[in-house]
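Report on one structure; see the data block that follows.
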Amino acid sequence: MNMNFKILITLPLLLFCQLLMAEITVKVDRDPVLVDESFNIVFESDQNIDAEPDFSPLNKSFTILNRSNRTSSKYINGKSSYSQMWILSVISNKSGTLDIPSIRFGNESTKPLSVNVVASATATNNKTKDDIFIEIDINTKQPYVQAQVIYTVKLYRAVVTNNASLSEPELTGGQAIVNKLGEDSSFETQRNGKRYVVIQRQYVIFPQSSGNLKIEPLIFQGQTGGAGSFFSFDPFGPQPKSIVKRSERVELDVQPIPDFFTGDTWLPANQL
């Protein structure tokens with residue numbers, strides 16, 4: 001009798017727990033996408049999730065540009081529904097068929113998903129044909145440890161941009177001190193017959209360990225297409241659209257303190 005009573009209690013509890021389990025789906029807003037084009041990864045739950053999701057597994061193949069949350073409740077024909085969404089705006093770090101790995105939401109996990117990322121048409125052409133591009137200059141790629149490295153960023157724009165931002169340098173593979181050098185400067189120039197407004201920004205980098213040090217691509221985000229170029233205006237031109245551009249990755253081969261150095265204080269410098 002007691003055993004039957006326990007079974008009768010356990011079964012409703014199991015059914016109740018199954019009803020409480022959230023179903024979290026994942027989708028992308030389009031597929032395929034271009035390698036330098038942002039797109040959205042959308043996670044959606046039919047129940048409230050209190051746990052903070054861990055999106056760090058995405059960093060292997062994607063750069064997260066923005067993140068937003070949205071909730072909604074509906075009551076139609078006597079039935080209620082609930083939706084909780086996490087919307088990530090990302091760009092891919094490479095082309096190919098990329099995996100969106102399983103993401104944990106507390107005790108729940110999403111199923112993996114893949115997205116096809118193709119190289120943009122302009123990637124195979126001279127980048128100076130683009131309306132917006134980034135150039136990187138560096139004074140040396142084989143500095144000594146603790147030596148000064150000048151990292152110069154030039155953002156070329158032939159069109160007006162709104163809501164624009166440029167990321168800060170991110171270093172991987174080693175340790176370094178990074179400081180902005182002076183204020184931004186601007187000038188105009190021509191490339192292949194096209195006029196550009198150029199914003200120049202400089203950083204000084206002091207590697208603190210020898211070996212390979214990577215300066216990851218800078219990311220420019222903005223909107224363009226609504227106001228024509230800097231040098232012409234067409235009120236009936238195309239509507240604004242989001243644009244993402246990335247610089248090239250730079251790799252430094254940081255040299256250790258040479259064996260012939262016998263002093264007390266290592267201070268690498270061209271002039272002192």
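Each chain in the structure tokens gets a letter, A, B and so on, in the order shown; residues start at 1 in every chain, and ligands are counted from 1 in the order they appear.
Residues lying within 7 Å of Ile64 in chain A, counting only C-alpha atoms and ignoring same-chain neighbours fewer than 6 positions away, are Leu88, Ser89, Val90 and Ile91 of chain A.
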Could you find all residues in range 54-265 of chain A that DSSP calls strand (DSSP E) from the backbone, and write them as a VMD selection string?
chain A and resid 62 to 76 79 to 92 96 to 100 104 to 105 108 to 109 113 to 118 132 to 138 149 to 157 159 to 166 171 to 172 176 to 180 185 to 191 194 to 207 211 to 215 219 to 229 241 to 246 250 to 254
Could you build a table of the residues in range 112-168 of chain A lying no more than 7 Å from range 198-204 of chain A, giving for each the nearest pair of atoms and their separation in Å rounded to one decimal place, using only C-alpha atoms, ordered by chain and ascending residue number, as a Markdown table?
| residue | atom | partner | partner_atom | distance |
| --- | --- | --- | --- | --- |
| A:Gln148 | CA | A:Val204 | CA | 6.5 |
| A:Val149 | CA | A:Val204 | CA | 5.6 |
| A:Ile150 | CA | A:Val204 | CA | 4.8 |
| A:Tyr151 | CA | A:Tyr203 | CA | 5.1 |
| A:Thr152 | CA | A:Gln202 | CA | 4.4 |
| A:Val153 | CA | A:Arg201 | CA | 5.1 |
| A:Lys154 | CA | A:Gln200 | CA | 4.5 |
| A:Leu155 | CA | A:Ile199 | CA | 5.1 |
| A:Tyr156 | CA | A:Val198 | CA | 4.6 |
| A:Arg157 | CA | A:Val198 | CA | 6.4 |
Near Ser81 in chain A, within 12 Å and counting only C-alpha atoms, which residues show up once chain neighbours fewer than 5 positions away are dropped, as an MDAnalysis selection string?
chainID A and resid 45:48 71:76
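Residues with any atom within 8 Å of range 217-223 of chain A, counting only C-alpha atoms and excluding same-chain neighbours fewer than 3 positions away, are Thr161, Asn162, Asn163, Ala164, Ser165, Leu166, Ser167, Glu168, Pro169, Glu170, Pro240, Lys241, Ser242, Ile243, Val244, Lys245, Arg246, Ser247, Glu248, Arg249 and Val250 of chain A.
For the residues A:Thr110, A:Gln146, A:Thr97, A:Ser185, ranking by smallest atom-to-atom distance to Ser209 in chain A using only C-alpha atoms places A:Gln146 first.
In this model, the gap between CA of Arg104 in chain A and CA of Val35 in chain A comes to 26.0 Å.
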Selection near Leu98 in chain A, 7 Å with only C-alpha atoms, sequence-local residues under 4 positions removed, as a JSON list (two decimals) with N, CA, C and O atoms, in the first residue's frame:
[["chain", "number", "residue", "atom", "x", "y", "z"],
["A", 61, "SER", "N", 34.97, 31.25, -32.29],
["A", 61, "SER", "CA", 34.72, 31.49, -33.72],
["A", 61, "SER", "C", 34.09, 32.84, -34.01],
["A", 61, "SER", "O", 34.03, 33.25, -35.17],
["A", 114, "SER", "N", 25.01, 25.26, -36.64],
["A", 114, "SER", "CA", 26.09, 25.69, -37.54],
["A", 114, "SER", "C", 25.58, 26.81, -38.44],
["A", 114, "SER", "O", 24.38, 26.92, -38.72],
["A", 115, "VAL", "N", 26.50, 27.67, -38.88],
["A", 115, "VAL", "CA", 26.19, 28.77, -39.78],
["A", 115, "VAL", "C", 27.28, 28.85, -40.83],
["A", 115, "VAL", "O", 28.46, 28.60, -40.55],
["A", 116, "ASN", "N", 26.91, 29.14, -42.06],
["A", 116, "ASN", "CA", 27.85, 29.22, -43.18],
["A", 116, "ASN", "C", 28.33, 30.66, -43.34],
["A", 116, "ASN", "O", 27.52, 31.57, -43.54]]
note - CA of Ser56 in chain A and CA of Ile100 in chain A are separated by 11.2 Å
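Counting from CA of Asp50 in chain A, the distance to CA of Asp29 in chain A is 24.9 Å.
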The residue from A:Phe105, A:Tyr144, A:Tyr196, A:Phe39 with the smallest atom-to-atom distance to Ile24 in chain A, counting only C-alpha atoms, is A:Phe105
